[in-house]
Amino acid sequence: MSPTLYDTRFSLYAQLVRAVMHENGIEFNSHYISLPDGEQLEPWFARLNPKMLVPSLKLDDGTIVNDSRACMKVMDKNCPKDQEEKVERILDIAYSCDLGWYSTVPLKKKVWLWYLMQESGLMCPSCPALMESHVQKTIKKYAKENPDLEEIYLAKLEKSTKDVNADYNLDRRGPIQKCLDDLVEILKERKKGEWVSGPVFTRADAVICIYVQWVKWQVGWDADLSLHPSLVEFYDEVKDRECIVKAFDVQGPKWVGYYWRDRLVPVQRVMIATAVVAISGITYAILKRTK
């Protein structure tokens, strides 16, 4: 019987676990969790993972492992014992920040039209303002219907409100940059012909590669984050490794954006430009009629 990974496409932490499982040649069943549909909030999953976060891992013996770092450790069977200490030190650095939760929220403080779209909900039915309102209503509904889960649902409600706050998200930027800077120091310790923790490729290498990929995506939204050339070089060295390719090659919704010079450019910027052109056209037409 194969382990089951409760999974979703665009979750940094799910990608980390997938990469480690693929690197170790572990066959697993993927139970896709649809975050847009709020499947992670459903009572069956809340009982499986009280934090209602993806990923969760169900082992062959039925044991549930909910923390992504713990999942990786359990699945990284190829990691030599003499590399474990260095691997854990690297993961301490990686997990010192909330990169996986750093969202597009900072952008809305910089672009007034994006702020309007996010906050008002008037221009887009799937805007975060409306989505979060729906999430909160759903959590309250499940809490009322499942008294045994009321406490964990109320805890989730409090955290959900905080996660979409722009100022709270912007506070995450500093620790993320420090994490990246500390990973640069780790790369300086790397011995020639070896990986970051030693001769064997481990979860530490996968984490650094995938972290860099996520920051490359986020730079499209927030240019205040910066990547040291050594991190980019390491990413280029690892990105085509089979476990990394497979970690990103899963079913689910496509990323909203397009690439330009190896950087993700949010599609919302195109929407903003289109809106400006449309408004200009309408203004011109009105002025022309009044002449």
# chains A, B, ... in the order shown; residues from 1 in each chain; ligands from 1
$ residues_around --residues "Lys239 of chain A" --least-positions-apart "5" --cutoff "9 Å" --atoms "only C-alpha atoms" --output "list in words"
Cys209, Ile210, Gln213, Phe234, Ile244 and Val245 of chain A
$ write_last_selection --atoms "all heavy atoms" --output "PDB file, in the first residue's frame"
ATOM      1  N   CYS A 209      16.357  24.933  -3.936  1.00  0.00           N
ATOM      2  CA  CYS A 209      15.959  25.111  -5.337  1.00  0.00           C
ATOM      3  C   CYS A 209      14.529  25.624  -5.452  1.00  0.00           C
ATOM      4  O   CYS A 209      14.257  26.596  -6.167  1.00  0.00           O
ATOM      5  CB  CYS A 209      16.109  23.793  -6.090  1.00  0.00           C
ATOM      6  SG  CYS A 209      15.584  23.874  -7.817  1.00  0.00           S
ATOM      7  N   ILE A 210      13.620  24.996  -4.733  1.00  0.00           N
ATOM      8  CA  ILE A 210      12.210  25.374  -4.838  1.00  0.00           C
ATOM      9  C   ILE A 210      11.957  26.734  -4.195  1.00  0.00           C
ATOM     10  O   ILE A 210      11.127  27.519  -4.677  1.00  0.00           O
ATOM     11  CB  ILE A 210      11.313  24.276  -4.246  1.00  0.00           C
ATOM     12  CG1 ILE A 210      11.422  23.011  -5.118  1.00  0.00           C
ATOM     13  CG2 ILE A 210       9.862  24.728  -4.158  1.00  0.00           C
ATOM     14  CD1 ILE A 210      10.664  21.811  -4.586  1.00  0.00           C
ATOM     15  N   GLN A 213      12.870  29.224  -6.792  1.00  0.00           N
ATOM     16  CA  GLN A 213      11.825  29.302  -7.812  1.00  0.00           C
ATOM     17  C   GLN A 213      10.665  30.157  -7.332  1.00  0.00           C
ATOM     18  O   GLN A 213      10.140  30.995  -8.074  1.00  0.00           O
ATOM     19  CB  GLN A 213      11.329  27.901  -8.163  1.00  0.00           C
ATOM     20  CG  GLN A 213      10.140  27.867  -9.123  1.00  0.00           C
ATOM     21  CD  GLN A 213      10.487  28.422 -10.481  1.00  0.00           C
ATOM     22  OE1 GLN A 213      11.043  27.724 -11.316  1.00  0.00           O
ATOM     23  NE2 GLN A 213      10.165  29.686 -10.740  1.00  0.00           N
ATOM     24  N   PHE A 234      22.716  28.042  -8.246  1.00  0.00           N
ATOM     25  CA  PHE A 234      22.348  26.745  -7.668  1.00  0.00           C
ATOM     26  C   PHE A 234      21.012  26.276  -8.245  1.00  0.00           C
ATOM     27  O   PHE A 234      20.853  25.095  -8.582  1.00  0.00           O
ATOM     28  CB  PHE A 234      22.267  26.835  -6.147  1.00  0.00           C
ATOM     29  CG  PHE A 234      21.953  25.523  -5.495  1.00  0.00           C
ATOM     30  CD1 PHE A 234      22.946  24.578  -5.288  1.00  0.00           C
ATOM     31  CD2 PHE A 234      20.664  25.219  -5.086  1.00  0.00           C
ATOM     32  CE1 PHE A 234      22.665  23.351  -4.700  1.00  0.00           C
ATOM     33  CE2 PHE A 234      20.365  23.999  -4.494  1.00  0.00           C
ATOM     34  CZ  PHE A 234      21.370  23.060  -4.299  1.00  0.00           C
ATOM     35  N   ILE A 244      12.613  17.623  -9.208  1.00  0.00           N
ATOM     36  CA  ILE A 244      12.121  19.005  -9.217  1.00  0.00           C
ATOM     37  C   ILE A 244      11.085  19.187 -10.321  1.00  0.00           C
ATOM     38  O   ILE A 244      10.025  19.793 -10.111  1.00  0.00           O
ATOM     39  CB  ILE A 244      13.279  19.996  -9.403  1.00  0.00           C
ATOM     40  CG1 ILE A 244      14.321  19.839  -8.286  1.00  0.00           C
ATOM     41  CG2 ILE A 244      12.758  21.428  -9.456  1.00  0.00           C
ATOM     42  CD1 ILE A 244      13.807  20.123  -6.897  1.00  0.00           C
ATOM     43  N   VAL A 245      11.382  18.644 -11.489  1.00  0.00           N
ATOM     44  CA  VAL A 245      10.446  18.738 -12.613  1.00  0.00           C
ATOM     45  C   VAL A 245       9.119  18.085 -12.239  1.00  0.00           C
ATOM     46  O   VAL A 245       8.042  18.647 -12.465  1.00  0.00           O
ATOM     47  CB  VAL A 245      11.045  18.081 -13.873  1.00  0.00           C
ATOM     48  CG1 VAL A 245      10.006  18.043 -14.997  1.00  0.00           C
ATOM     49  CG2 VAL A 245      12.294  18.832 -14.329  1.00  0.00           C
TER      50      VAL A 245
END
$ residues_around --residues "Asn78 of chain A" --least-positions-apart "5" --cutoff "12 Å" --atoms "only C-alpha atoms" --output "JSON, numbers by chain"
{"A": [20, 21, 22, 23, 24, 25, 26, 72, 73, 83, 84, 199, 200, 201, 202, 203]}
$ residues_around --residues "Ala19 of chain A" --least-positions-apart "5" --cutoff "7 Å" --atoms "only C-alpha atoms" --output "ChimeraX atom specification"
/A:206,243-244,246-247
$ closest_residue --among "A:Asp236, A:Ser30, A:Asp61, A:Leu12" --to "Gln218 of chain A" --atoms "only C-alpha atoms"
A:Leu12
$ atom_distance --atom1 "atom CA of Gly193 of chain A" --atom2 "atom CA of Asp205 of chain A"
13.7 Å
$ residues_around --residues "Asp60 of chain A" --least-positions-apart "4" --cutoff "8 Å" --atoms "only C-alpha atoms" --output "tab-separated table (two decimals) with N, CA and C atoms, in the first residue's frame"
chain	number	residue	atom	x	y	z
A	1	MET	N	0.85	-1.20	0.00
A	1	MET	CA	0.00	0.00	0.00
A	1	MET	C	0.88	1.24	0.00
A	2	SER	N	0.60	2.19	-0.91
A	2	SER	CA	1.41	3.40	-1.04
A	2	SER	C	0.89	4.50	-0.12
A	3	PRO	N	1.78	5.38	0.33
A	3	PRO	CA	1.32	6.53	1.13
A	3	PRO	C	0.45	7.45	0.29
$ atom_distance --atom1 "atom CA of Glu145 of chain A" --atom2 "atom CA of Leu53 of chain A"
20.4 Å
$ closest_residue --among "A:Arg69, A:Lys156, A:Arg241, A:Lys216" --to "Tyr142 of chain A" --atoms "only C-alpha atoms"
A:Lys156
$ select_by_dssp --residues "segment 13-215 of chain A" --states "strand (DSSP E)" --output "NGL selection string"
:A and (29-32 or 56-58 or 64-65)
$ residues_around --residues "Leu41 of chain A" --least-positions-apart "3" --cutoff "7 Å" --atoms "only C-alpha atoms" --output "number ranges by chain"
A: 38, 45-46, 52, 139
$ residues_around --residues "Ser11 of chain A" --least-positions-apart "4" --cutoff "9 Å" --atoms "only C-alpha atoms" --output "compact mmCIF listing (two decimals) with N, CA and C atoms, in the first residue's frame"
# COMPACT_ATOMS: atom_id res chain seq x y z
N ASP A 7 -2.74 16.91 -1.38
CA ASP A 7 -1.86 17.70 -2.23
C ASP A 7 -2.64 18.82 -2.91
N GLN A 15 4.94 21.17 -2.80
CA GLN A 15 5.98 20.95 -3.80
C GLN A 15 7.25 20.40 -3.16
N LEU A 16 7.59 20.88 -1.97
CA LEU A 16 8.77 20.38 -1.27
C LEU A 16 8.63 18.89 -0.98
N VAL A 54 -2.35 22.35 3.63
CA VAL A 54 -1.79 21.37 2.71
C VAL A 54 -0.27 21.55 2.72
N PRO A 55 0.51 20.44 2.75
CA PRO A 55 0.08 19.06 2.56
C PRO A 55 -0.12 18.32 3.88
N GLY A 100 5.98 30.59 1.85
CA GLY A 100 4.81 29.97 1.25
C GLY A 100 3.52 30.74 1.46
$ atom_distance --atom1 "atom CA of Leu180 of chain A" --atom2 "atom CA of Trp101 of chain A"
15.5 Å
$ residues_around --residues "segment 183-192 of chain A" --least-positions-apart "6" --cutoff "8 Å" --atoms "only C-alpha atoms" --output "list in words"
Ile90, Ile93, Ala94, Gly198, Ile208, His228, Ser230 and Leu231 of chain A
